$ cat structure_24.pdb   # PDB, C-alpha atoms
MODEL        1
ATOM      1  CA  MET A  22      21.463  32.757  -5.418
ATOM      2  CA  SER A  23      20.383  29.895  -7.652
ATOM      3  CA  VAL A  24      16.644  29.240  -7.752
ATOM      4  CA  ARG A  25      15.667  26.046  -9.529
ATOM      5  CA  THR A  26      12.802  26.081 -11.982
ATOM      6  CA  GLN A  27      13.638  23.301 -14.387
ATOM      7  CA  SER A  28      14.722  19.705 -14.294
ATOM      8  CA  SER A  29      18.255  18.415 -14.741
ATOM      9  CA  GLU A  30      18.607  15.496 -17.176
ATOM     10  CA  GLN A  31      19.795  12.156 -15.821
ATOM     11  CA  PRO A  32      23.058  10.862 -17.354
ATOM     12  CA  ALA A  33      22.660   7.480 -19.080
ATOM     13  CA  ASP A  34      24.982   5.655 -16.643
ATOM     14  CA  ALA A  35      23.306   7.052 -13.494
ATOM     15  CA  VAL A  36      24.026   5.204 -10.237
ATOM     16  CA  HIS A  37      21.240   4.164  -7.844
ATOM     17  CA  ARG A  38      20.798   6.299  -4.744
ATOM     18  CA  ALA A  39      18.692   5.692  -1.660
ATOM     19  CA  GLY A  40      18.322   7.691   1.503
ATOM     20  CA  PHE A  41      16.276   9.799   3.856
ATOM     21  CA  ALA A  42      15.113  13.398   3.648
ATOM     22  CA  CYS A  43      12.900  15.300   6.030
ATOM     23  CA  PHE A  44      10.832  18.433   5.683
ATOM     24  CA  VAL A  45      11.015  20.956   8.475
ATOM     25  CA  GLY A  46       9.240  24.216   8.987
ATOM     26  CA  ARG A  47       6.933  25.821  11.446
ATOM     27  CA  PRO A  48       3.572  24.177  11.967
ATOM     28  CA  ASN A  49       1.349  24.403   8.906
ATOM     29  CA  ALA A  50       4.145  25.304   6.465
ATOM     30  CA  GLY A  51       2.882  22.652   4.025
ATOM     31  CA  LYS A  52       5.186  19.770   4.953
ATOM     32  CA  SER A  53       2.607  16.956   5.028
ATOM     33  CA  THR A  54       0.861  18.136   1.849
ATOM     34  CA  LEU A  55       4.244  18.128   0.109
ATOM     35  CA  THR A  56       4.998  14.595   1.343
ATOM     36  CA  ASN A  57       1.658  13.398  -0.042
ATOM     37  CA  ALA A  58       2.217  15.157  -3.388
ATOM     38  CA  LEU A  59       5.654  13.567  -3.809
ATOM     39  CA  VAL A  60       4.491  10.077  -2.883
ATOM     40  CA  GLY A  61       1.267  10.435  -4.863
ATOM     41  CA  GLN A  62      -0.913   8.974  -2.133
ATOM     42  CA  LYS A  63      -2.162  10.240   1.182
ATOM     43  CA  VAL A  64       0.322   9.045   3.794
ATOM     44  CA  ALA A  65       0.787  11.989   6.136
ATOM     45  CA  ILE A  66      -2.143  13.532   7.976
ATOM     46  CA  THR A  67      -2.865  17.037   6.659
ATOM     47  CA  SER A  68      -5.028  19.636   8.348
ATOM     48  CA  ASN A  69      -5.321  23.397   8.423
ATOM     49  CA  ARG A  70      -4.645  23.154  12.155
ATOM     50  CA  PRO A  71      -1.031  23.540  13.177
ATOM     51  CA  GLN A  72       0.551  20.614  15.093
ATOM     52  CA  THR A  73      -1.314  17.672  13.603
ATOM     53  CA  THR A  74       1.603  15.406  12.698
ATOM     54  CA  ARG A  75       2.677  13.502  15.786
ATOM     55  CA  HIS A  76       4.334  10.438  14.311
ATOM     56  CA  THR A  77       7.305  10.143  12.052
ATOM     57  CA  VAL A  78       5.451   9.185   8.886
ATOM     58  CA  ARG A  79       7.687   8.039   6.087
ATOM     59  CA  GLY A  80       6.548   8.511   2.530
ATOM     60  CA  ILE A  81       8.562   6.604  -0.056
ATOM     61  CA  VAL A  82       9.210   7.939  -3.548
ATOM     62  CA  HIS A  83      10.234   5.151  -5.941
ATOM     63  CA  ARG A  84      12.254   6.032  -9.045
ATOM     64  CA  PRO A  85      14.171   3.732 -11.423
ATOM     65  CA  ASP A  86      17.459   5.335 -10.297
ATOM     66  CA  ALA A  87      16.615   6.191  -6.702
ATOM     67  CA  GLN A  88      14.512   5.734  -3.622
ATOM     68  CA  LEU A  89      13.750   8.834  -1.602
ATOM     69  CA  ILE A  90      12.360   8.150   1.858
ATOM     70  CA  LEU A  91      10.608  11.136   3.387
ATOM     71  CA  VAL A  92      10.525  11.438   7.125
ATOM     72  CA  ASP A  93       7.796  13.784   8.252
ATOM     73  CA  THR A  94       8.531  15.339  11.633
ATOM     74  CA  PRO A  95       6.227  17.387  13.839
ATOM     75  CA  GLY A  96       6.668  21.154  13.444
ATOM     76  CA  LEU A  97       9.413  22.511  15.685
ATOM     77  CA  HIS A  98       8.078  25.219  17.986
ATOM     78  CA  LYS A  99       8.704  26.830  21.361
ATOM     79  CA  PRO A 100       7.306  24.150  23.686
ATOM     80  CA  ARG A 101       4.591  24.953  26.219
ATOM     81  CA  THR A 102       3.851  21.432  27.446
ATOM     82  CA  LEU A 103       5.713  18.204  28.079
ATOM     83  CA  LEU A 104       4.253  16.885  24.800
ATOM     84  CA  GLY A 105       5.760  19.938  23.044
ATOM     85  CA  GLU A 106       9.200  19.215  24.491
ATOM     86  CA  ARG A 107       9.045  15.559  23.451
ATOM     87  CA  LEU A 108       8.024  16.538  19.911
ATOM     88  CA  ASN A 109      10.984  18.939  19.650
ATOM     89  CA  ASP A 110      13.388  16.197  20.770
ATOM     90  CA  VAL A 111      11.985  13.910  18.061
ATOM     91  CA  VAL A 112      12.648  16.643  15.488
ATOM     92  CA  ARG A 113      16.287  17.243  16.457
ATOM     93  CA  THR A 114      17.096  13.541  16.525
ATOM     94  CA  THR A 115      15.586  13.140  13.058
ATOM     95  CA  TRP A 116      17.557  16.065  11.618
ATOM     96  CA  ALA A 117      20.826  14.565  12.717
ATOM     97  CA  GLU A 118      20.039  11.213  11.071
ATOM     98  CA  VAL A 119      18.763  12.138   7.590
ATOM     99  CA  ASP A 120      20.727  12.689   4.370
ATOM    100  CA  ALA A 121      19.011  15.960   3.395
ATOM    101  CA  ILE A 122      16.710  18.514   5.018
ATOM    102  CA  GLY A 123      14.035  20.510   3.172
ATOM    103  CA  PHE A 124      13.177  23.722   5.027
ATOM    104  CA  CYS A 125       9.602  24.716   4.103
ATOM    105  CA  LEU A 126       8.632  28.395   4.157
ATOM    106  CA  PRO A 127       5.178  29.387   2.870
ATOM    107  CA  ALA A 128       5.244  31.899   0.004
ATOM    108  CA  ASP A 129       2.235  33.792   1.363
ATOM    109  CA  GLN A 130       3.679  34.642   4.789
ATOM    110  CA  LYS A 131       6.621  36.873   5.651
ATOM    111  CA  ILE A 132       9.541  35.145   7.361
ATOM    112  CA  GLY A 133       8.727  35.392  11.053
ATOM    113  CA  PRO A 134      10.179  34.526  14.478
ATOM    114  CA  GLY A 135       9.053  30.889  14.119
ATOM    115  CA  ASP A 136      11.023  30.495  10.875
ATOM    116  CA  ARG A 137      14.084  32.155  12.420
ATOM    117  CA  PHE A 138      13.886  29.883  15.449
ATOM    118  CA  ILE A 139      14.052  26.838  13.137
ATOM    119  CA  ALA A 140      16.694  28.340  10.832
ATOM    120  CA  LYS A 141      18.972  28.992  13.850
ATOM    121  CA  GLU A 142      18.583  25.351  14.907
ATOM    122  CA  LEU A 143      19.341  24.260  11.323
ATOM    123  CA  ALA A 144      22.468  26.405  11.250
ATOM    124  CA  GLY A 145      23.770  24.290  14.135
ATOM    125  CA  ILE A 146      23.492  21.087  12.086
ATOM    126  CA  LYS A 147      26.558  21.422   9.908
ATOM    127  CA  LYS A 148      26.925  18.199   7.924
ATOM    128  CA  THR A 149      23.420  17.700   6.491
ATOM    129  CA  PRO A 150      22.708  19.494   3.162
ATOM    130  CA  LYS A 151      19.709  21.834   3.313
ATOM    131  CA  VAL A 152      17.282  22.763   0.544
ATOM    132  CA  ALA A 153      15.052  25.811   1.042
ATOM    133  CA  ILE A 154      11.540  25.089  -0.260
ATOM    134  CA  VAL A 155       9.174  28.015  -0.751
ATOM    135  CA  THR A 156       5.748  26.318  -0.513
ATOM    136  CA  LYS A 157       2.197  27.360  -1.445
ATOM    137  CA  THR A 158       3.363  29.377  -4.479
ATOM    138  CA  ASP A 159      -0.157  29.125  -5.948
ATOM    139  CA  LEU A 160      -1.285  31.656  -3.310
ATOM    140  CA  VAL A 161       0.943  34.559  -4.442
ATOM    141  CA  ASP A 162       1.832  36.530  -7.584
ATOM    142  CA  SER A 163       5.280  36.441  -9.169
ATOM    143  CA  LYS A 164       6.441  39.677  -7.495
ATOM    144  CA  ALA A 165       5.626  38.426  -3.983
ATOM    145  CA  LEU A 166       7.265  35.090  -4.814
ATOM    146  CA  ALA A 167      10.461  36.806  -5.998
ATOM    147  CA  GLU A 168      10.576  38.836  -2.767
ATOM    148  CA  GLN A 169      10.155  35.700  -0.674
ATOM    149  CA  LEU A 170      12.928  33.880  -2.558
ATOM    150  CA  ILE A 171      15.296  36.808  -1.941
ATOM    151  CA  ALA A 172      14.290  36.881   1.756
ATOM    152  CA  VAL A 173      15.036  33.155   2.083
ATOM    153  CA  ASP A 174      18.423  33.625   0.426
ATOM    154  CA  GLN A 175      19.180  36.492   2.861
ATOM    155  CA  LEU A 176      18.116  34.408   5.860
ATOM    156  CA  GLY A 177      20.666  31.754   4.880
ATOM    157  CA  LYS A 178      23.454  34.325   4.490
ATOM    158  CA  GLU A 179      22.607  35.933   7.828
ATOM    159  CA  LEU A 180      22.823  32.653   9.749
ATOM    160  CA  GLY A 181      25.649  31.053   7.788
ATOM    161  CA  ILE A 182      23.505  28.404   6.089
ATOM    162  CA  THR A 183      24.503  27.487   2.537
ATOM    163  CA  TRP A 184      21.332  26.338   0.769
ATOM    164  CA  ALA A 185      22.071  23.429  -1.579
ATOM    165  CA  GLU A 186      19.075  24.698  -3.590
ATOM    166  CA  ILE A 187      16.237  27.203  -3.261
ATOM    167  CA  ILE A 188      13.095  25.955  -4.969
ATOM    168  CA  PRO A 189       9.538  27.329  -5.213
ATOM    169  CA  VAL A 190       6.783  24.654  -5.258
ATOM    170  CA  SER A 191       3.036  24.276  -5.026
ATOM    171  CA  ALA A 192       1.958  20.853  -3.785
ATOM    172  CA  THR A 193      -1.756  21.543  -4.316
ATOM    173  CA  ALA A 194      -1.236  22.733  -7.921
ATOM    174  CA  ASN A 195       1.448  20.038  -8.410
ATOM    175  CA  LYS A 196       3.988  22.618  -9.620
ATOM    176  CA  GLN A 197       7.691  21.716  -9.440
ATOM    177  CA  VAL A 198       7.001  18.761  -7.132
ATOM    178  CA  ASP A 199       8.898  16.333  -9.382
ATOM    179  CA  LEU A 200      11.722  18.833  -9.723
ATOM    180  CA  LEU A 201      12.024  18.898  -5.931
ATOM    181  CA  ALA A 202      12.556  15.117  -5.968
ATOM    182  CA  ASP A 203      15.132  15.572  -8.780
ATOM    183  CA  LEU A 204      17.051  18.010  -6.562
ATOM    184  CA  LEU A 205      16.871  15.946  -3.367
ATOM    185  CA  ILE A 206      17.992  12.681  -4.973
ATOM    186  CA  PRO A 207      21.613  13.760  -5.790
ATOM    187  CA  LEU A 208      22.022  14.593  -2.075
ATOM    188  CA  LEU A 209      21.388  10.939  -1.121
ATOM    189  CA  PRO A 210      24.147   8.348  -0.768
ATOM    190  CA  GLU A 211      24.647   5.703  -3.443
ATOM    191  CA  GLY A 212      23.090   2.377  -2.591
ATOM    192  CA  PRO A 213      20.325  -0.148  -3.277
ATOM    193  CA  ALA A 214      16.649   0.459  -2.495
ATOM    194  CA  LEU A 215      15.866   0.202   1.227
ATOM    195  CA  TYR A 216      12.174  -0.689   0.848
ATOM    196  CA  PRO A 217      10.269  -3.033  -1.494
ATOM    197  CA  GLU A 218       8.832  -1.463  -4.655
ATOM    198  CA  GLY A 219       5.182  -1.367  -3.563
ATOM    199  CA  ASP A 220       5.719   0.265  -0.179
ATOM    200  CA  LEU A 221       4.561   3.855   0.197
ATOM    201  CA  THR A 222       5.146   4.159   3.924
ATOM    202  CA  ASP A 223       6.537   2.024   6.745
ATOM    203  CA  GLU A 224       4.067   3.335   9.315
ATOM    204  CA  PRO A 225       2.248   0.484  10.992
ATOM    205  CA  GLU A 226      -1.276   0.413   9.552
ATOM    206  CA  GLN A 227      -2.770   0.901  13.000
ATOM    207  CA  VAL A 228      -0.961   4.234  13.424
ATOM    208  CA  MET A 229      -2.085   5.448  10.008
ATOM    209  CA  VAL A 230      -5.677   4.455  10.746
ATOM    210  CA  ALA A 231      -5.530   6.361  14.048
ATOM    211  CA  GLU A 232      -4.190   9.422  12.202
ATOM    212  CA  LEU A 233      -7.023   9.325   9.642
ATOM    213  CA  ILE A 234      -9.624   9.128  12.425
ATOM    214  CA  ARG A 235      -7.936  11.973  14.266
ATOM    215  CA  GLU A 236      -7.862  14.116  11.127
ATOM    216  CA  ALA A 237     -11.588  13.547  10.560
ATOM    217  CA  ALA A 238     -12.298  14.327  14.233
ATOM    218  CA  LEU A 239     -10.382  17.618  14.005
ATOM    219  CA  GLU A 240     -12.258  18.596  10.860
ATOM    220  CA  GLY A 241     -15.394  19.907  12.536
ATOM    221  CA  VAL A 242     -13.934  21.146  15.822
ATOM    222  CA  ARG A 243     -10.872  23.063  14.642
ATOM    223  CA  ASP A 244     -11.451  26.166  16.717
ATOM    224  CA  GLU A 245     -12.754  24.527  19.850
ATOM    225  CA  LEU A 246     -10.235  21.703  20.349
ATOM    226  CA  PRO A 247      -7.085  22.532  18.391
ATOM    227  CA  HIS A 248      -5.086  19.488  19.405
ATOM    228  CA  SER A 249      -6.515  17.977  22.522
ATOM    229  CA  ILE A 250      -7.662  14.898  20.610
ATOM    230  CA  ALA A 251      -5.620  11.676  20.614
ATOM    231  CA  VAL A 252      -6.759   8.471  18.940
ATOM    232  CA  VAL A 253      -5.781   4.946  19.903
ATOM    233  CA  VAL A 254      -6.801   1.994  17.732
ATOM    234  CA  GLU A 255      -7.492  -0.746  20.261
ATOM    235  CA  GLU A 256      -7.824  -3.549  17.719
ATOM    236  CA  MET A 257      -8.103  -4.332  14.022
ATOM    237  CA  LEU A 258      -9.412  -7.811  13.317
ATOM    238  CA  PRO A 259     -10.840  -9.485  10.203
ATOM    239  CA  ARG A 260     -14.441 -10.499  10.983
ATOM    240  CA  GLU A 261     -14.751 -14.268  11.289
ATOM    241  CA  ASP A 262     -17.092 -16.415   9.188
ATOM    242  CA  ARG A 263     -17.009 -14.036   6.204
ATOM    243  CA  PRO A 264     -16.753 -15.465   2.668
ATOM    244  CA  ALA A 265     -13.313 -14.913   1.128
ATOM    245  CA  ASP A 266     -14.693 -12.531  -1.514
ATOM    246  CA  LYS A 267     -16.531 -10.400   1.093
ATOM    247  CA  PRO A 268     -14.034  -9.672   3.861
ATOM    248  CA  LEU A 269     -14.795  -7.147   6.607
ATOM    249  CA  LEU A 270     -12.286  -5.577   8.973
ATOM    250  CA  ASP A 271     -13.501  -4.627  12.452
ATOM    251  CA  ILE A 272     -11.700  -1.587  13.850
ATOM    252  CA  HIS A 273     -12.290  -0.470  17.431
ATOM    253  CA  ALA A 274     -10.842   2.941  18.298
ATOM    254  CA  ASN A 275     -10.995   5.383  21.201
ATOM    255  CA  LEU A 276     -10.872   9.170  20.819
ATOM    256  CA  PHE A 277      -9.307  10.665  23.935
ATOM    257  CA  ILE A 278     -10.001  14.243  24.983
ATOM    258  CA  GLU A 279      -8.733  16.136  28.013
ATOM    259  CA  ARG A 280     -11.914  17.287  29.759
ATOM    260  CA  PRO A 281     -15.479  15.993  30.167
ATOM    261  CA  SER A 282     -16.799  19.311  28.747
ATOM    262  CA  GLN A 283     -15.127  18.487  25.395
ATOM    263  CA  LYS A 284     -17.060  15.233  25.058
ATOM    264  CA  GLY A 285     -20.231  16.952  23.832
ATOM    265  CA  ILE A 286     -18.240  18.933  21.265
ATOM    266  CA  VAL A 287     -16.756  15.798  19.696
ATOM    267  CA  ILE A 288     -19.986  13.762  19.820
ATOM    268  CA  GLY A 289     -22.200  16.662  18.654
ATOM    269  CA  PRO A 290     -25.979  17.008  19.031
ATOM    270  CA  LYS A 291     -27.593  13.532  19.021
ATOM    271  CA  GLY A 292     -24.222  12.009  18.120
ATOM    272  CA  LYS A 293     -24.284  13.669  14.689
ATOM    273  CA  ARG A 294     -20.671  14.858  14.659
ATOM    274  CA  LEU A 295     -19.187  11.567  15.823
ATOM    275  CA  LYS A 296     -21.230   9.809  13.141
ATOM    276  CA  GLU A 297     -19.763  12.153  10.481
ATOM    277  CA  VAL A 298     -16.259  11.478  11.794
ATOM    278  CA  GLY A 299     -16.969   7.744  11.457
ATOM    279  CA  ILE A 300     -18.287   8.019   7.901
ATOM    280  CA  LYS A 301     -15.477  10.263   6.693
ATOM    281  CA  SER A 302     -12.607   8.339   8.280
ATOM    282  CA  ARG A 303     -14.091   4.962   7.298
ATOM    283  CA  ARG A 304     -13.998   5.967   3.600
ATOM    284  CA  GLN A 305     -10.352   6.989   3.879
ATOM    285  CA  ILE A 306      -9.393   3.874   5.847
ATOM    286  CA  GLU A 307     -11.084   1.644   3.250
ATOM    287  CA  ALA A 308      -9.181   3.432   0.482
ATOM    288  CA  LEU A 309      -5.924   3.012   2.411
ATOM    289  CA  LEU A 310      -6.372  -0.670   3.298
ATOM    290  CA  GLY A 311      -8.354  -1.717   0.226
ATOM    291  CA  THR A 312     -10.960  -3.600   2.233
ATOM    292  CA  PRO A 313     -14.448  -2.873   3.655
ATOM    293  CA  VAL A 314     -14.310  -1.705   7.271
ATOM    294  CA  PHE A 315     -16.666  -1.672  10.245
ATOM    295  CA  LEU A 316     -15.558   1.211  12.451
ATOM    296  CA  ASP A 317     -16.501   1.383  16.114
ATOM    297  CA  LEU A 318     -15.626   4.741  17.766
ATOM    298  CA  HIS A 319     -15.833   5.716  21.433
ATOM    299  CA  VAL A 320     -15.000   9.054  23.065
ATOM    300  CA  LYS A 321     -13.158   8.891  26.404
ATOM    301  CA  VAL A 322     -11.683  11.448  28.779
ATOM    302  CA  ALA A 323      -7.961  11.240  29.638
ATOM    303  CA  LYS A 324      -7.548  14.196  31.977
ATOM    304  CA  ASP A 325      -4.881  16.728  30.838
ATOM    305  CA  TRP A 326      -3.080  14.033  28.844
ATOM    306  CA  GLN A 327      -0.725  16.504  27.116
ATOM    307  CA  ARG A 328       0.932  17.310  30.471
ATOM    308  CA  ASP A 329       1.029  13.878  32.049
ATOM    309  CA  PRO A 330       4.053  11.629  31.275
ATOM    310  CA  LYS A 331       2.154   8.407  32.121
ATOM    311  CA  GLN A 332      -0.749   9.237  29.820
ATOM    312  CA  LEU A 333       1.573  10.399  27.040
ATOM    313  CA  ARG A 334       3.254   6.993  27.129
ATOM    314  CA  ARG A 335      -0.086   5.180  27.085
ATOM    315  CA  LEU A 336      -1.202   7.245  24.068
ATOM    316  CA  GLY A 337       1.993   6.425  22.212
ATOM    317  CA  PHE A 338       4.109   9.560  22.648
TER     318      PHE A 338
ENDMDL
END
$ encode --input "structure_24.pdb" --output "structure tokens"
Amino acid sequence: MSVRTQSSEQPADAVHRAGFACFVGRPNAGKSTLTNALVGQKVAITSNRPQTTRHTVRGIVHRPDAQLILVDTPGLHKPRTLLGERLNDVVRTTWAEVDAIGFCLPADQKIGPGDRFIAKELAGIKKTPKVAIVTKTDLVDSKALAEQLIAVDQLGKELGITWAEIIPVSATANKQVDLLADLLIPLLPEGPALYPEGDLTDEPEQVMVAELIREAALEGVRDELPHSIAVVVEEMLPREDRPADKPLLDIHANLFIERPSQKGIVIGPKGKRLKEVGIKSRRQIEALLGTPVFLDLHVKVAKDWQRDPKQLRRLGF
């Protein structure tokens, strides 16, 4: 078993590589946090609630000799709703199309049925190289980390997966994050950059704005409404008649919940919680778009939207 803990030097005549990698792992294995750490800017929604990433967010890592495009998929899990099944289909399609797969397993949790379920699926995808990434290493001591690395190695042997690399990282402590990029890049095909230098993601801005609002909305209601909140940005328009040096972007967005009883939870007493959601997400949106924003939020009920194909389509799934 080879565990990587230091960087490999680039040869002077290195070729340029560009391609796609995706992180997989059960919900909350640290995939989005890792994407953000590699890109160096917040592009994927992160939350302590499982199942928050619904869109394929691509983070783009620019290097002089390479461009690594990260595709962030929803966590693969045993589906209980139509939404769950659709998310799993998205995952499998993505796996078949990328150049490398990073399988994230948290250092602080024993390998469980959820990890095995994913590993078995991975074993069925023969051609794509797979890197095992032991995440959240800042939460364990060196003995526990060593045990986890051995367990990951064993899991591969058991299921017939040859790990291209096994690497421990901590995205929050920024440990070995650059090394991870160094190890993924040689797995990409040779070729020119696929995106312009300044791009960090190719998500439409509207989708990213919706994700930031949704993340802020989940913040205070984690336990009560795990993921029955969807956000749709109805419009984003520059306010007219503003001087060029004082632009203002008007954003109108709807937060959809499944039942009328959840409305009070999201709005909070005297509208306090919704106001906090507005303040928090507005700051993040302004940082993302680099312009002052006026944010108009409304809470609406879309009955049982996670189980209804028509509503899923309307909400963008």
$ resolve_selection --input "structure_24.pdb" --expression "the PyMOL selection byres ((chain A and resi 282-295) around 8)" --output "VMD selection string"
chain A and resid 238 241 to 242 245 to 246 278 to 281 296 to 299 318 320 to 322
$ residues_around --input "structure_24.pdb" --residues "A:Ile182" --least-positions-apart "2" --cutoff "10 Å" --atoms "all atoms listed in the file" --output "MDAnalysis selection string"
chainID A and resid 140:141 143:147 150:151 174:180 184:185
$ write_last_selection --input "structure_24.pdb" --atoms "C-alpha atoms" --output "PDB file, keeping the file's coordinate frame"
ATOM      1  CA  ALA A 140      16.694  28.340  10.832  1.00  0.00           C
ATOM      2  CA  LYS A 141      18.972  28.992  13.850  1.00  0.00           C
ATOM      3  CA  LEU A 143      19.341  24.260  11.323  1.00  0.00           C
ATOM      4  CA  ALA A 144      22.468  26.405  11.250  1.00  0.00           C
ATOM      5  CA  GLY A 145      23.770  24.290  14.135  1.00  0.00           C
ATOM      6  CA  ILE A 146      23.492  21.087  12.086  1.00  0.00           C
ATOM      7  CA  LYS A 147      26.558  21.422   9.908  1.00  0.00           C
ATOM      8  CA  PRO A 150      22.708  19.494   3.162  1.00  0.00           C
ATOM      9  CA  LYS A 151      19.709  21.834   3.313  1.00  0.00           C
ATOM     10  CA  ASP A 174      18.423  33.625   0.426  1.00  0.00           C
ATOM     11  CA  GLN A 175      19.180  36.492   2.861  1.00  0.00           C
ATOM     12  CA  LEU A 176      18.116  34.408   5.860  1.00  0.00           C
ATOM     13  CA  GLY A 177      20.666  31.754   4.880  1.00  0.00           C
ATOM     14  CA  LYS A 178      23.454  34.325   4.490  1.00  0.00           C
ATOM     15  CA  GLU A 179      22.607  35.933   7.828  1.00  0.00           C
ATOM     16  CA  LEU A 180      22.823  32.653   9.749  1.00  0.00           C
ATOM     17  CA  TRP A 184      21.332  26.338   0.769  1.00  0.00           C
ATOM     18  CA  ALA A 185      22.071  23.429  -1.579  1.00  0.00           C
TER      19      ALA A 185
END
$ residues_around --input "structure_24.pdb" --residues "A:Ala165" --least-positions-apart "6" --cutoff "12 Å" --atoms "all atoms listed in the file" --output "compact mmCIF listing (two decimals) with C-alpha atoms, in the coordinates of the input"
# COMPACT_ATOMS: atom_id res chain seq x y z
CA PRO A 127 5.18 29.39 2.87
CA ALA A 128 5.24 31.90 0.00
CA ASP A 129 2.24 33.79 1.36
CA GLN A 130 3.68 34.64 4.79
CA LYS A 131 6.62 36.87 5.65
CA VAL A 155 9.17 28.02 -0.75
CA LYS A 157 2.20 27.36 -1.44
CA THR A 158 3.36 29.38 -4.48
CA ASP A 159 -0.16 29.12 -5.95
CA ILE A 171 15.30 36.81 -1.94
CA ALA A 172 14.29 36.88 1.76
CA PRO A 189 9.54 27.33 -5.21
$ residues_near_point --input "structure_24.pdb" --point "(0.8, 21.5, -6.2)" --cutoff "10 Å" --atoms "only C-alpha atoms" --output "PDB file with C-alpha atoms, keeping the file's coordinate frame"
ATOM      1  CA  THR A  54       0.861  18.136   1.849  1.00  0.00           C
ATOM      2  CA  LEU A  55       4.244  18.128   0.109  1.00  0.00           C
ATOM      3  CA  ALA A  58       2.217  15.157  -3.388  1.00  0.00           C
ATOM      4  CA  LEU A  59       5.654  13.567  -3.809  1.00  0.00           C
ATOM      5  CA  THR A 156       5.748  26.318  -0.513  1.00  0.00           C
ATOM      6  CA  LYS A 157       2.197  27.360  -1.445  1.00  0.00           C
ATOM      7  CA  THR A 158       3.363  29.377  -4.479  1.00  0.00           C
ATOM      8  CA  ASP A 159      -0.157  29.125  -5.948  1.00  0.00           C
ATOM      9  CA  VAL A 190       6.783  24.654  -5.258  1.00  0.00           C
ATOM     10  CA  SER A 191       3.036  24.276  -5.026  1.00  0.00           C
ATOM     11  CA  ALA A 192       1.958  20.853  -3.785  1.00  0.00           C
ATOM     12  CA  THR A 193      -1.756  21.543  -4.316  1.00  0.00           C
ATOM     13  CA  ALA A 194      -1.236  22.733  -7.921  1.00  0.00           C
ATOM     14  CA  ASN A 195       1.448  20.038  -8.410  1.00  0.00           C
ATOM     15  CA  LYS A 196       3.988  22.618  -9.620  1.00  0.00           C
ATOM     16  CA  GLN A 197       7.691  21.716  -9.440  1.00  0.00           C
ATOM     17  CA  VAL A 198       7.001  18.761  -7.132  1.00  0.00           C
TER      18      VAL A 198
END
$ closest_residue --input "structure_24.pdb" --among "A:Met229, A:Asp110, A:Thr149, A:Gly212" --to "A:Gly80" --atoms "all atoms listed in the file"
A:Met229
$ closest_residue --input "structure_24.pdb" --among "A:Val82, A:Val173, A:Val252, A:Ala42" --to "A:Gly61" --atoms "all atoms listed in the file"
A:Val82
$ atom_distance --input "structure_24.pdb" --atom1 "atom CA of A:Val112" --atom2 "atom CA of A:Phe138"
13.3 Å
$ residues_around --input "structure_24.pdb" --residues "A:Ala50" --least-positions-apart "4" --cutoff "7 Å" --atoms "only C-alpha atoms" --output "ChimeraX atom specification"
/A:46,125-127
$ write_last_selection --input "structure_24.pdb" --atoms "C-alpha atoms" --output "CSV table (one decimal), in the frame of the given file"
chain,number,residue,atom,x,y,z
A,46,GLY,CA,9.2,24.2,9.0
A,125,CYS,CA,9.6,24.7,4.1
A,126,LEU,CA,8.6,28.4,4.2
A,127,PRO,CA,5.2,29.4,2.9
$ atom_distance --input "structure_24.pdb" --atom1 "atom CA of A:Leu276" --atom2 "atom CA of A:Pro259"
21.5 Å
$ atom_distance --input "structure_24.pdb" --atom1 "atom CA of A:Lys331" --atom2 "atom CA of A:Leu104"
11.4 Å
$ axis_aligned_box --input "structure_24.pdb" --around "stretch 323-332 of chain A" --padding-each-side "3 Å" --output "AutoDock Vina command-line options"
--center_x -2.0 --center_y 12.9 --center_z 29.6 --size_x 18.0 --size_y 14.9 --size_z 11.0
$ closest_residue --input "structure_24.pdb" --among "A:Gln227, A:Gln327, A:Asn275, A:Ser249" --to "A:Leu310" --atoms "all atoms listed in the file"
A:Gln227
$ resolve_selection --input "structure_24.pdb" --expression "the PyMOL selection byres ((chain A and resi 187) around 7)" --output "list in words"
Ser23, Val24, Arg25, Val152, Ala153, Ile154, Trp184, Glu186, Ile188 and Pro189 of chain A
$ closest_residue --input "structure_24.pdb" --among "A:Ile306, A:Val161, A:Val36, A:Val45" --to "A:Gly135" --atoms "all atoms listed in the file"
A:Val45
$ residues_around --input "structure_24.pdb" --residues "A:Asp317" --least-positions-apart "5" --cutoff "10 Å" --atoms "all atoms listed in the file" --output "VMD selection string"
chain A and resid 254 271 to 275 299 303
$ decode --input "structure_24.pdb" --residues "stretch 278-283 of chain A" --atoms "N, CA and C atoms" --output "compact mmCIF listing (two decimals), in the first residue's frame"
# COMPACT_ATOMS: atom_id res chain seq x y z
N ILE A 278 -40.97 25.04 0.54
CA ILE A 278 -40.98 23.98 1.55
C ILE A 278 -42.13 23.05 1.21
N GLU A 279 -42.22 21.91 1.92
CA GLU A 279 -43.20 20.90 1.51
C GLU A 279 -44.57 21.04 2.18
N ARG A 280 -44.59 21.63 3.40
CA ARG A 280 -45.87 21.68 4.12
C ARG A 280 -46.07 23.04 4.76
N PRO A 281 -47.35 23.48 4.85
CA PRO A 281 -47.62 24.79 5.45
C PRO A 281 -47.04 24.91 6.87
N SER A 282 -47.01 23.79 7.63
CA SER A 282 -46.50 23.84 9.01
C SER A 282 -45.02 24.22 9.06
N GLN A 283 -44.29 24.03 7.94
CA GLN A 283 -42.85 24.34 7.94
C GLN A 283 -42.60 25.83 7.71
